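Containing mmCIF, C-alpha atoms: coords_21.cif.
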data_work
#
loop_
_atom_site.group_PDB
_atom_site.id
_atom_site.type_symbol
_atom_site.label_atom_id
_atom_site.label_comp_id
_atom_site.auth_asym_id
_atom_site.auth_seq_id
_atom_site.Cartn_x
_atom_site.Cartn_y
_atom_site.Cartn_z
ATOM 1 C CA MET A 17 24.028 88.777 14.631
ATOM 2 C CA THR A 18 26.787 87.099 12.766
ATOM 3 C CA ALA A 19 30.529 87.647 12.609
ATOM 4 C CA PRO A 20 31.106 90.761 10.472
ATOM 5 C CA ARG A 21 34.481 89.502 9.301
ATOM 6 C CA PHE A 22 36.343 86.242 9.505
ATOM 7 C CA PRO A 23 40.148 86.489 9.515
ATOM 8 C CA ILE A 24 41.532 83.193 8.199
ATOM 9 C CA GLU A 25 44.486 82.231 10.369
ATOM 10 C CA ALA A 26 46.839 79.299 9.822
ATOM 11 C CA GLY A 27 46.743 78.228 13.480
ATOM 12 C CA HIS A 28 42.951 78.202 13.479
ATOM 13 C CA ILE A 29 42.883 76.042 10.340
ATOM 14 C CA MET A 30 45.390 73.672 11.973
ATOM 15 C CA VAL A 31 43.360 73.152 15.154
ATOM 16 C CA PHE A 32 40.108 72.860 13.201
ATOM 17 C CA ALA A 33 41.584 70.196 10.892
ATOM 18 C CA ARG A 34 42.902 68.285 13.927
ATOM 19 C CA ALA A 35 39.460 68.409 15.534
ATOM 20 C CA ILE A 36 37.803 66.767 12.519
ATOM 21 C CA GLY A 37 40.602 64.163 12.411
ATOM 22 C CA ASP A 38 42.036 65.465 9.136
ATOM 23 C CA PHE A 39 45.816 65.360 9.073
ATOM 24 C CA ASN A 40 46.256 66.423 5.453
ATOM 25 C CA PRO A 41 49.399 68.635 5.585
ATOM 26 C CA VAL A 42 47.783 71.153 3.202
ATOM 27 C CA TYR A 43 46.029 72.368 6.380
ATOM 28 C CA PHE A 44 49.177 73.002 8.459
ATOM 29 C CA ASP A 45 52.454 72.667 6.536
ATOM 30 C CA PRO A 46 53.216 75.730 4.381
ATOM 31 C CA THR A 47 56.209 74.075 2.701
ATOM 32 C CA TYR A 48 54.165 71.066 1.658
ATOM 33 C CA ALA A 49 51.155 73.206 0.738
ATOM 34 C CA ALA A 50 53.306 75.297 -1.619
ATOM 35 C CA THR A 51 53.965 72.150 -3.676
ATOM 36 C CA THR A 52 50.272 71.287 -4.159
ATOM 37 C CA ASP A 53 47.842 72.408 -6.870
ATOM 38 C CA VAL A 54 46.323 74.962 -4.498
ATOM 39 C CA GLY A 55 49.774 76.413 -3.775
ATOM 40 C CA GLY A 56 49.369 77.230 -0.086
ATOM 41 C CA ILE A 57 47.503 76.487 3.106
ATOM 42 C CA ILE A 58 43.749 76.308 2.542
ATOM 43 C CA ALA A 59 40.821 75.613 4.873
ATOM 44 C CA PRO A 60 38.834 72.357 5.012
ATOM 45 C CA PRO A 61 35.347 72.420 3.419
ATOM 46 C CA THR A 62 33.392 72.987 6.639
ATOM 47 C CA PHE A 63 35.769 75.572 8.145
ATOM 48 C CA VAL A 64 33.450 78.551 7.658
ATOM 49 C CA GLN A 65 31.402 77.152 10.547
ATOM 50 C CA ALA A 66 34.221 78.384 12.804
ATOM 51 C CA SER A 67 33.381 81.992 11.894
ATOM 52 C CA ALA A 68 31.230 81.756 15.064
ATOM 53 C CA GLN A 69 34.497 82.522 16.907
ATOM 54 C CA TYR A 70 34.249 86.065 15.514
ATOM 55 C CA ASP A 71 30.577 86.604 16.332
ATOM 56 C CA PRO A 72 30.765 88.907 19.367
ATOM 57 C CA ASP A 73 27.403 87.712 20.714
ATOM 58 C CA TYR A 74 27.571 84.024 19.803
ATOM 59 C CA PRO A 75 25.315 82.406 22.431
ATOM 60 C CA LEU A 76 26.933 78.974 22.409
ATOM 61 C CA ARG A 77 30.114 80.052 24.173
ATOM 62 C CA PRO A 78 30.449 81.504 27.668
ATOM 63 C CA HIS A 79 30.691 85.293 27.935
ATOM 64 C CA ALA A 80 32.568 87.100 30.678
ATOM 65 C CA GLY A 81 30.389 88.025 33.634
ATOM 66 C CA GLU A 82 27.290 86.248 32.338
ATOM 67 C CA PRO A 83 25.721 83.019 33.590
ATOM 68 C CA TRP A 84 26.333 80.026 31.316
ATOM 69 C CA ILE A 85 23.676 77.531 30.275
ATOM 70 C CA GLY A 86 25.813 74.497 31.199
ATOM 71 C CA SER A 87 26.383 72.882 34.554
ATOM 72 C CA GLY A 88 28.073 74.496 37.526
ATOM 73 C CA ARG A 89 26.766 74.057 41.034
ATOM 74 C CA THR A 90 23.634 72.662 39.465
ATOM 75 C CA ALA A 91 23.130 70.639 36.276
ATOM 76 C CA SER A 92 21.653 73.553 34.385
ATOM 77 C CA GLY A 93 22.508 77.201 34.259
ATOM 78 C CA LYS A 94 20.258 79.663 32.533
ATOM 79 C CA PRO A 95 18.747 79.645 29.048
ATOM 80 C CA PRO A 96 20.755 81.272 26.253
ATOM 81 C CA ARG A 97 20.292 84.962 25.603
ATOM 82 C CA ARG A 98 19.155 84.389 22.068
ATOM 83 C CA GLU A 99 19.232 81.946 19.223
ATOM 84 C CA ASN A 100 22.351 81.585 17.172
ATOM 85 C CA GLY A 101 22.514 81.987 13.406
ATOM 86 C CA ASP A 102 21.684 78.331 12.796
ATOM 87 C CA GLY A 103 18.406 78.531 14.658
ATOM 88 C CA ASN A 104 20.282 76.195 16.966
ATOM 89 C CA VAL A 105 19.063 76.888 20.469
ATOM 90 C CA ALA A 106 20.732 75.233 23.418
ATOM 91 C CA ALA A 107 18.214 75.503 26.219
ATOM 92 C CA GLY A 108 17.018 72.085 27.304
ATOM 93 C CA GLY A 109 18.226 70.595 24.071
ATOM 94 C CA THR A 110 15.259 71.722 22.018
ATOM 95 C CA GLY A 111 17.194 73.097 19.050
ATOM 96 C CA LEU A 112 19.507 71.289 16.667
ATOM 97 C CA HIS A 113 21.203 71.645 13.352
ATOM 98 C CA ALA A 114 19.106 69.780 10.778
ATOM 99 C CA GLU A 115 20.877 70.461 7.484
ATOM 100 C CA GLN A 116 23.936 72.235 6.133
ATOM 101 C CA HIS A 117 24.713 73.091 2.523
ATOM 102 C CA TYR A 118 27.784 74.739 0.995
ATOM 103 C CA GLU A 119 28.554 76.128 -2.432
ATOM 104 C CA TYR A 120 32.249 76.720 -3.046
ATOM 105 C CA TYR A 121 33.546 79.280 -5.528
ATOM 106 C CA ARG A 122 37.231 79.016 -4.650
ATOM 107 C CA PRO A 123 39.356 77.669 -1.750
ATOM 108 C CA ILE A 124 39.667 79.747 1.419
ATOM 109 C CA ARG A 125 43.296 80.729 1.965
ATOM 110 C CA SER A 126 45.261 81.309 5.130
ATOM 111 C CA GLY A 127 45.935 85.031 5.582
ATOM 112 C CA GLU A 128 42.839 86.419 3.906
ATOM 113 C CA VAL A 129 39.907 88.106 5.627
ATOM 114 C CA LEU A 130 36.396 87.118 4.611
ATOM 115 C CA THR A 131 33.382 89.386 4.947
ATOM 116 C CA LEU A 132 30.070 87.846 5.967
ATOM 117 C CA SER A 133 26.497 88.724 5.256
ATOM 118 C CA ALA A 134 23.684 86.578 6.606
ATOM 119 C CA ARG A 135 19.979 86.612 5.907
ATOM 120 C CA LEU A 136 17.018 84.605 7.052
ATOM 121 C CA GLY A 137 15.703 82.220 4.409
ATOM 122 C CA GLU A 138 12.502 80.234 4.635
ATOM 123 C CA THR A 139 10.799 79.117 7.811
ATOM 124 C CA TRP A 140 8.334 76.264 8.046
ATOM 125 C CA THR A 141 6.775 73.885 10.547
ATOM 126 C CA LYS A 142 6.155 70.175 10.424
ATOM 127 C CA GLU A 143 4.502 67.659 12.715
ATOM 128 C CA GLY A 144 7.142 65.556 14.509
ATOM 129 C CA ARG A 145 6.930 61.771 14.264
ATOM 130 C CA ARG A 146 6.638 61.529 18.044
ATOM 131 C CA GLY A 147 4.244 64.434 18.238
ATOM 132 C CA GLY A 148 5.019 68.067 18.830
ATOM 133 C CA GLN A 149 5.750 70.779 16.317
ATOM 134 C CA LEU A 150 9.065 70.944 14.509
ATOM 135 C CA GLN A 151 9.978 74.485 13.540
ATOM 136 C CA PHE A 152 12.546 74.808 10.756
ATOM 137 C CA ARG A 153 14.478 77.932 9.954
ATOM 138 C CA GLU A 154 16.917 78.555 7.141
ATOM 139 C CA THR A 155 19.836 80.977 7.304
ATOM 140 C CA ILE A 156 21.944 81.884 4.286
ATOM 141 C CA THR A 157 25.415 83.306 4.824
ATOM 142 C CA GLU A 158 27.630 84.627 2.043
ATOM 143 C CA PHE A 159 31.393 84.708 2.592
ATOM 144 C CA ARG A 160 33.204 87.148 0.312
ATOM 145 C CA GLY A 161 36.872 87.894 -0.349
ATOM 146 C CA SER A 162 38.669 91.240 -0.323
ATOM 147 C CA ASP A 163 37.474 92.119 -3.838
ATOM 148 C CA GLY A 164 33.890 91.368 -2.897
ATOM 149 C CA GLU A 165 34.016 88.084 -4.797
ATOM 150 C CA LEU A 166 31.947 85.160 -3.556
ATOM 151 C CA VAL A 167 34.011 82.486 -1.838
ATOM 152 C CA VAL A 168 31.427 80.302 -0.091
ATOM 153 C CA ILE A 169 27.667 80.346 0.356
ATOM 154 C CA ALA A 170 26.504 78.487 3.457
ATOM 155 C CA ARG A 171 22.868 77.541 3.909
ATOM 156 C CA SER A 172 22.009 76.245 7.349
ATOM 157 C CA ILE A 173 18.719 74.771 8.534
ATOM 158 C CA GLY A 174 18.002 74.638 12.245
ATOM 159 C CA VAL A 175 15.110 72.809 13.857
ATOM 160 C CA ARG A 176 13.387 73.540 17.140
ATOM 161 C CA THR A 177 11.071 71.115 18.817
ATOM 162 C CA SER A 178 8.638 71.333 21.661
ATOM 163 C CA GLN A 179 10.328 68.283 23.207
ATOM 164 C CA ARG A 180 13.670 66.493 23.393
ATOM 165 C CA VAL A 181 14.972 65.823 19.920
ATOM 166 C CA GLU A 182 14.877 62.301 18.539
ATOM 167 C CA ARG A 183 16.294 62.560 15.082
ATOM 168 C CA GLN A 184 14.926 61.105 11.824
ATOM 169 C CA MET B 9 47.397 63.604 -0.620
ATOM 170 C CA MET B 10 46.420 60.678 -2.813
ATOM 171 C CA SER B 11 43.463 61.661 -4.874
ATOM 172 C CA ILE B 12 41.133 60.394 -7.508
ATOM 173 C CA ASP B 13 42.230 59.145 -10.903
ATOM 174 C CA TRP B 14 39.847 61.421 -12.769
ATOM 175 C CA SER B 15 40.186 59.602 -16.063
ATOM 176 C CA GLY B 16 39.294 56.284 -14.395
ATOM 177 C CA ILE B 17 36.167 57.473 -12.636
ATOM 178 C CA LYS B 18 32.918 55.781 -13.600
ATOM 179 C CA LEU B 19 29.262 56.135 -12.820
ATOM 180 C CA GLY B 20 28.618 54.097 -9.686
ATOM 181 C CA SER B 21 32.260 54.165 -8.500
ATOM 182 C CA VAL B 22 32.344 53.962 -4.706
ATOM 183 C CA HIS B 23 34.889 55.444 -2.329
ATOM 184 C CA GLN B 24 34.646 54.675 1.360
ATOM 185 C CA ALA B 25 36.674 55.644 4.429
ATOM 186 C CA VAL B 26 36.452 55.101 8.163
ATOM 187 C CA VAL B 27 36.441 58.683 9.433
ATOM 188 C CA VAL B 28 36.398 57.989 13.173
ATOM 189 C CA GLU B 29 36.692 54.928 15.385
ATOM 190 C CA ASN B 30 35.398 54.936 18.942
ATOM 191 C CA LEU B 31 34.641 58.665 18.973
ATOM 192 C CA SER B 32 35.950 60.179 22.194
ATOM 193 C CA ARG B 33 34.311 62.864 24.270
ATOM 194 C CA THR B 34 37.634 64.653 24.020
ATOM 195 C CA GLN B 35 37.377 64.892 20.231
ATOM 196 C CA VAL B 36 33.902 66.403 20.578
ATOM 197 C CA ILE B 37 35.362 68.947 23.033
ATOM 198 C CA GLN B 38 38.259 69.546 20.640
ATOM 199 C CA TYR B 39 35.730 70.357 17.908
ATOM 200 C CA ALA B 40 33.883 72.686 20.272
ATOM 201 C CA GLY B 41 37.103 74.589 20.895
ATOM 202 C CA ALA B 42 38.033 74.823 17.215
ATOM 203 C CA SER B 43 34.577 75.713 15.912
ATOM 204 C CA GLY B 44 33.549 77.901 18.842
ATOM 205 C CA ASP B 45 30.317 75.958 19.444
ATOM 206 C CA TYR B 46 30.378 75.054 23.155
ATOM 207 C CA ASN B 47 26.712 74.024 23.294
ATOM 208 C CA PRO B 48 26.611 72.067 26.584
ATOM 209 C CA LEU B 49 24.719 69.277 24.803
ATOM 210 C CA HIS B 50 28.100 68.591 23.168
ATOM 211 C CA THR B 51 30.507 69.552 25.934
ATOM 212 C CA ASP B 52 28.869 68.996 29.312
ATOM 213 C CA GLU B 53 27.897 65.444 30.315
ATOM 214 C CA VAL B 54 26.145 66.643 33.482
ATOM 215 C CA PHE B 55 23.986 69.128 31.561
ATOM 216 C CA ALA B 56 23.275 66.710 28.694
ATOM 217 C CA THR B 57 22.163 63.885 30.988
ATOM 218 C CA GLN B 58 20.638 65.578 34.032
ATOM 219 C CA ALA B 59 19.264 68.824 32.609
ATOM 220 C CA ALA B 60 18.458 67.858 29.003
ATOM 221 C CA GLY B 61 17.644 64.166 29.458
ATOM 222 C CA TYR B 62 19.970 62.671 26.840
ATOM 223 C CA PRO B 63 21.910 59.447 27.532
ATOM 224 C CA SER B 64 25.222 61.338 27.170
ATOM 225 C CA ILE B 65 26.689 64.245 25.299
ATOM 226 C CA PHE B 66 26.602 63.815 21.514
ATOM 227 C CA ALA B 67 28.694 65.094 18.617
ATOM 228 C CA HIS B 68 28.033 68.327 16.765
ATOM 229 C CA GLY B 69 26.403 67.618 13.420
ATOM 230 C CA MET B 70 29.140 69.770 11.949
ATOM 231 C CA LEU B 71 31.829 67.485 13.419
ATOM 232 C CA VAL B 72 30.210 64.599 11.545
ATOM 233 C CA MET B 73 30.014 66.686 8.368
ATOM 234 C CA GLY B 74 33.630 67.804 8.836
ATOM 235 C CA MET B 75 34.808 64.201 9.174
ATOM 236 C CA THR B 76 32.742 63.285 6.117
ATOM 237 C CA GLY B 77 34.369 66.147 4.222
ATOM 238 C CA ARG B 78 37.767 64.628 4.912
ATOM 239 C CA MET B 79 36.733 61.469 3.067
ATOM 240 C CA LEU B 80 35.716 63.676 0.115
ATOM 241 C CA THR B 81 38.825 65.865 -0.023
ATOM 242 C CA ASP B 82 41.105 62.833 0.367
ATOM 243 C CA TYR B 83 39.266 61.385 -2.634
ATOM 244 C CA VAL B 84 38.886 64.332 -5.022
ATOM 245 C CA GLY B 85 41.940 66.356 -3.978
ATOM 246 C CA ASP B 86 42.463 69.720 -2.315
ATOM 247 C CA GLY B 87 40.222 72.650 -3.210
ATOM 248 C CA ARG B 88 38.138 70.788 -5.796
ATOM 249 C CA LEU B 89 34.729 70.631 -4.144
ATOM 250 C CA THR B 90 32.083 72.890 -5.651
ATOM 251 C CA ARG B 91 29.152 71.761 -3.491
ATOM 252 C CA PHE B 92 28.761 69.780 -0.281
ATOM 253 C CA GLY B 93 25.620 69.435 1.773
ATOM 254 C CA GLY B 94 23.231 67.168 3.550
ATOM 255 C CA ARG B 95 20.996 66.329 6.466
ATOM 256 C CA PHE B 96 21.930 65.185 9.949
ATOM 257 C CA THR B 97 19.682 62.166 10.269
ATOM 258 C CA SER B 98 20.732 60.597 13.540
ATOM 259 C CA GLN B 99 22.804 61.595 16.540
ATOM 260 C CA VAL B 100 26.415 60.473 16.927
ATOM 261 C CA TRP B 101 27.459 59.386 20.418
ATOM 262 C CA PRO B 102 30.783 58.857 22.168
ATOM 263 C CA GLY B 103 32.062 55.392 21.233
ATOM 264 C CA ASP B 104 30.567 55.490 17.749
ATOM 265 C CA SER B 105 32.608 54.569 14.690
ATOM 266 C CA LEU B 106 31.687 56.206 11.399
ATOM 267 C CA THR B 107 32.227 55.204 7.796
ATOM 268 C CA ALA B 108 31.706 57.788 5.060
ATOM 269 C CA THR B 109 30.878 56.733 1.516
ATOM 270 C CA ALA B 110 30.817 58.657 -1.751
ATOM 271 C CA THR B 111 29.140 57.108 -4.794
ATOM 272 C CA VAL B 112 29.472 58.662 -8.245
ATOM 273 C CA ALA B 113 25.935 59.677 -9.224
ATOM 274 C CA ALA B 114 26.687 61.769 -12.315
ATOM 275 C CA LEU B 115 29.647 62.533 -14.541
ATOM 276 C CA ASP B 116 30.089 65.338 -16.999
ATOM 277 C CA GLN B 117 32.872 66.590 -19.178
ATOM 278 C CA CYS B 118 33.039 70.117 -20.534
ATOM 279 C CA ASP B 119 36.040 71.593 -22.367
ATOM 280 C CA GLY B 120 38.125 68.660 -21.149
ATOM 281 C CA VAL B 121 37.298 69.292 -17.488
ATOM 282 C CA ILE B 122 35.506 66.513 -15.633
ATOM 283 C CA THR B 123 32.855 67.323 -13.067
ATOM 284 C CA VAL B 124 31.458 64.670 -10.749
ATOM 285 C CA ASP B 125 28.371 64.548 -8.558
ATOM 286 C CA PHE B 126 28.484 62.247 -5.554
ATOM 287 C CA GLU B 127 25.861 60.827 -3.290
ATOM 288 C CA VAL B 128 27.339 60.964 0.200
ATOM 289 C CA VAL B 129 26.322 58.840 3.165
ATOM 290 C CA THR B 130 27.917 58.452 6.583
ATOM 291 C CA ARG B 131 26.873 55.506 8.719
ATOM 292 C CA ASN B 132 27.611 54.400 12.256
ATOM 293 C CA GLN B 133 28.768 50.961 13.418
ATOM 294 C CA HIS B 134 25.143 49.743 13.448
ATOM 295 C CA GLY B 135 24.679 50.708 9.802
ATOM 296 C CA GLU B 136 22.408 53.637 10.687
ATOM 297 C CA THR B 137 22.739 56.702 8.497
ATOM 298 C CA VAL B 138 23.906 59.722 10.496
ATOM 299 C CA PHE B 139 24.535 62.073 7.570
ATOM 300 C CA ALA B 140 22.898 61.894 4.143
ATOM 301 C CA GLY B 141 23.895 64.294 1.422
ATOM 302 C CA TYR B 142 25.711 65.078 -1.766
ATOM 303 C CA ALA B 143 28.843 66.712 -3.100
ATOM 304 C CA SER B 144 30.193 67.861 -6.433
ATOM 305 C CA ALA B 145 33.797 68.269 -7.519
ATOM 306 C CA ARG B 146 35.657 69.689 -10.495
ATOM 307 C CA GLN B 147 38.813 68.183 -11.926
#

For this file, produce the structure as structure tokens.
Amino acid sequence: MTAPRFPIEAGHIMVFARAIGDFNPVYFDPTYAATTDVGGIIAPPTFVQASAQYDPDYPLRPHAGEPWIGSGRTASGKPPRRENGDGNVAAGGTGLHAEQHYEYYRPIRSGEVLTLSARLGETWTKEGRRGGQLQFRETITEFRGSDGELVVIARSIGVRTSQRVERQ
Amino acid sequence: MMSIDWSGIKLGSVHQAVVVENLSRTQVIQYAGASGDYNPLHTDEVFATQAAGYPSIFAHGMLVMGMTGRMLTDYVGDGRLTRFGGRFTSQVWPGDSLTATATVAALDQCDGVITVDFEVVTRNQHGETVFAGYASARQ
């Protein structure tokens, strides 16, 4: 499952830009943004990642009435219901984001609504340096504008391991 | 924002920026809230240490890539990237300071429009690479 549509809202762009420490006013000040080459508020290059907010089943946020995988009375809750679109599984820390690639066709603009389509790419396995199998999985997501035009292609590679992840 | 002098760009030109100093747990939480990814490995110290066996929570790879992207957009200007990607090569922990570097790897000019390919590397305060990738931009 992936978000079927991603409404691009100015407030969401503002809080996302703050979170990555980017205080470029093109991400929050419409008066300033109107004076720039892009002519209005646009989204930072990695903003499409936040389309997870619109995935109704996204496993890496708590859902009403369901146990959460993080700590409560005990250090661990329950495993996630399913993997997310990145092949990024939370349970026990065995899944992580290995690579991310973007192709940009035009800037994403505040006020538009993007349509998403995701497909599974390649999958492969590799022997980990510290032993154990590393399972890689690629997901390709196309973000399109209201005329069906390509805006961004995101290619994500998630890795799952049979043990705690030590990167490299 | 200040951006690149396109006519002055040369093969091998280097642009570097400190993109975070002493990364706080709060900024990692802030990114969780904005992106929607509340993976407890990033947001829950008790889970990350006691249930998953890590020394602490650690940053989302996409927070590191987002901070790296800021170095790029400050350099090339708004809305000019055509490609940006890379690998997350090492975890980023609370307290880390990161420096992102773009090096001009290729230059092309077509119909008076300059396109640039960058090699992109983000390193922590120990000099370890945490993100290794590339980007391209159009004038």

Next on the checklist: For a quick test of understanding: name the residues of chain A lying within 6 Å of chain B when counting all atoms listed in the file, and present them as a PyMOL selection string.
Outcome noted: chain A and resi 31-32+35-36+62+66+68-69+76-77+86-87+91-92+108-109+114-120+123+183-184

Residues just named, written with C-alpha atoms as a short mmCIF file (atom, residue, chain, number, x, y, z; two decimals), in the frame of the given file:
data_model
loop_
_atom_site.label_atom_id
_atom_site.label_comp_id
_atom_site.auth_asym_id
_atom_site.auth_seq_id
_atom_site.Cartn_x
_atom_site.Cartn_y
_atom_site.Cartn_z
CA VAL A 31 43.36 73.15 15.15
CA PHE A 32 40.11 72.86 13.20
CA ALA A 35 39.46 68.41 15.53
CA ILE A 36 37.80 66.77 12.52
CA THR A 62 33.39 72.99 6.64
CA ALA A 66 34.22 78.38 12.80
CA ALA A 68 31.23 81.76 15.06
CA GLN A 69 34.50 82.52 16.91
CA LEU A 76 26.93 78.97 22.41
CA ARG A 77 30.11 80.05 24.17
CA GLY A 86 25.81 74.50 31.20
CA SER A 87 26.38 72.88 34.55
CA ALA A 91 23.13 70.64 36.28
CA SER A 92 21.65 73.55 34.38
CA GLY A 108 17.02 72.08 27.30
CA GLY A 109 18.23 70.60 24.07
CA ALA A 114 19.11 69.78 10.78
CA GLU A 115 20.88 70.46 7.48
CA GLN A 116 23.94 72.24 6.13
CA HIS A 117 24.71 73.09 2.52
CA TYR A 118 27.78 74.74 1.00
CA GLU A 119 28.55 76.13 -2.43
CA TYR A 120 32.25 76.72 -3.05
CA PRO A 123 39.36 77.67 -1.75
CA ARG A 183 16.29 62.56 15.08
CA GLN A 184 14.93 61.10 11.82
#

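In this comparison, which uses all atoms listed in the file, the residue of A:Ile156, A:Ile85, A:Ala26, A:Val129 approaching Ala49 of chain A most closely is A:Ala26.
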
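The closest residue to Gln65 of chain A, picked from A:Arg160, A:Arg171, A:Arg176, A:Arg125 and counting all atoms listed in the file, is A:Arg171.
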
Next on the checklist: As a check of understanding, name the residues that the PyMOL selection byres ((chain A and resi 21) around 7) selects in the supplied structure, as a ChimeraX atom specification.
Outcome noted: /A:19-20,22-23,129-132

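Of the residues listed (B:Phe126, B:Leu19, B:His134, B:Glu29), B:Phe126 shows the shortest atom-to-atom separation from Tyr83 of chain B; distances use only C-alpha atoms.
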
Checklist entry - So which one's closest to Ser15 of chain B, B:Leu31, B:Val84, B:Val100, B:Ile122? Using all atoms listed in the file, please. => result B:Ile122

Next on the checklist: I'd like to see the residues matched by the PyMOL selection byres ((chain B and resi 108) around 7) on this file, and ideally I'd get them as a VMD selection string.
Outcome noted: chain B and resid 24 to 27 76 79 106 to 107 109 to 110 129 to 131

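With only C-alpha atoms as the atoms that count, the residue of B:Asp13, B:Ala67, B:Asp125, B:Val22 with the shortest distance to His113 of chain A is B:Ala67.
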
Checklist entry - For this file, the PyMOL selection byres ((chain A and resi 43) around 8) selects which residues, as a list in words? => result Ala26, Ile29, Met30, Ala33, Phe39, Asn40, Pro41, Val42, Phe44, Asp45, Ala49, Ile57, Ile58, Ala59 and Pro60 of chain A

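Closest approach to Gln147 of chain B among B:Gly103, B:Gly135, B:Thr111, B:Ile12 is made by B:Ile12 (distances from only C-alpha atoms).
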
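The interatomic distance for the pair atom CA of Gly174 of chain A and atom CA of Arg146 of chain A works out to 18.3 Å.
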
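The spacing separating atom CA of Thr52 of chain A from atom CA of Val128 of chain B amounts to 25.5 Å.
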
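Between atom CA of Ala170 of chain A and atom CA of Glu158 of chain A the separation is 6.4 Å.
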
Checklist entry - Which residues, written as a ChimeraX atom specification, have at least one atom at most 10 Å from segment 139-142 of chain A, with all atoms listed in the file counted and residues fewer than 5 positions away on the same chain left out? => result /A:147-155,173-177

Work out where the centre of an axis-aligned box around every listed atom of segment 128-134 of chain B lies and how long its edges are once 5 Å is added on each side; give both in Å to one decimal as AutoDock Vina command-line options.
--center_x 27.0 --center_y 55.4 --center_z 6.8 --size_x 13.6 --size_y 21.2 --size_z 23.2
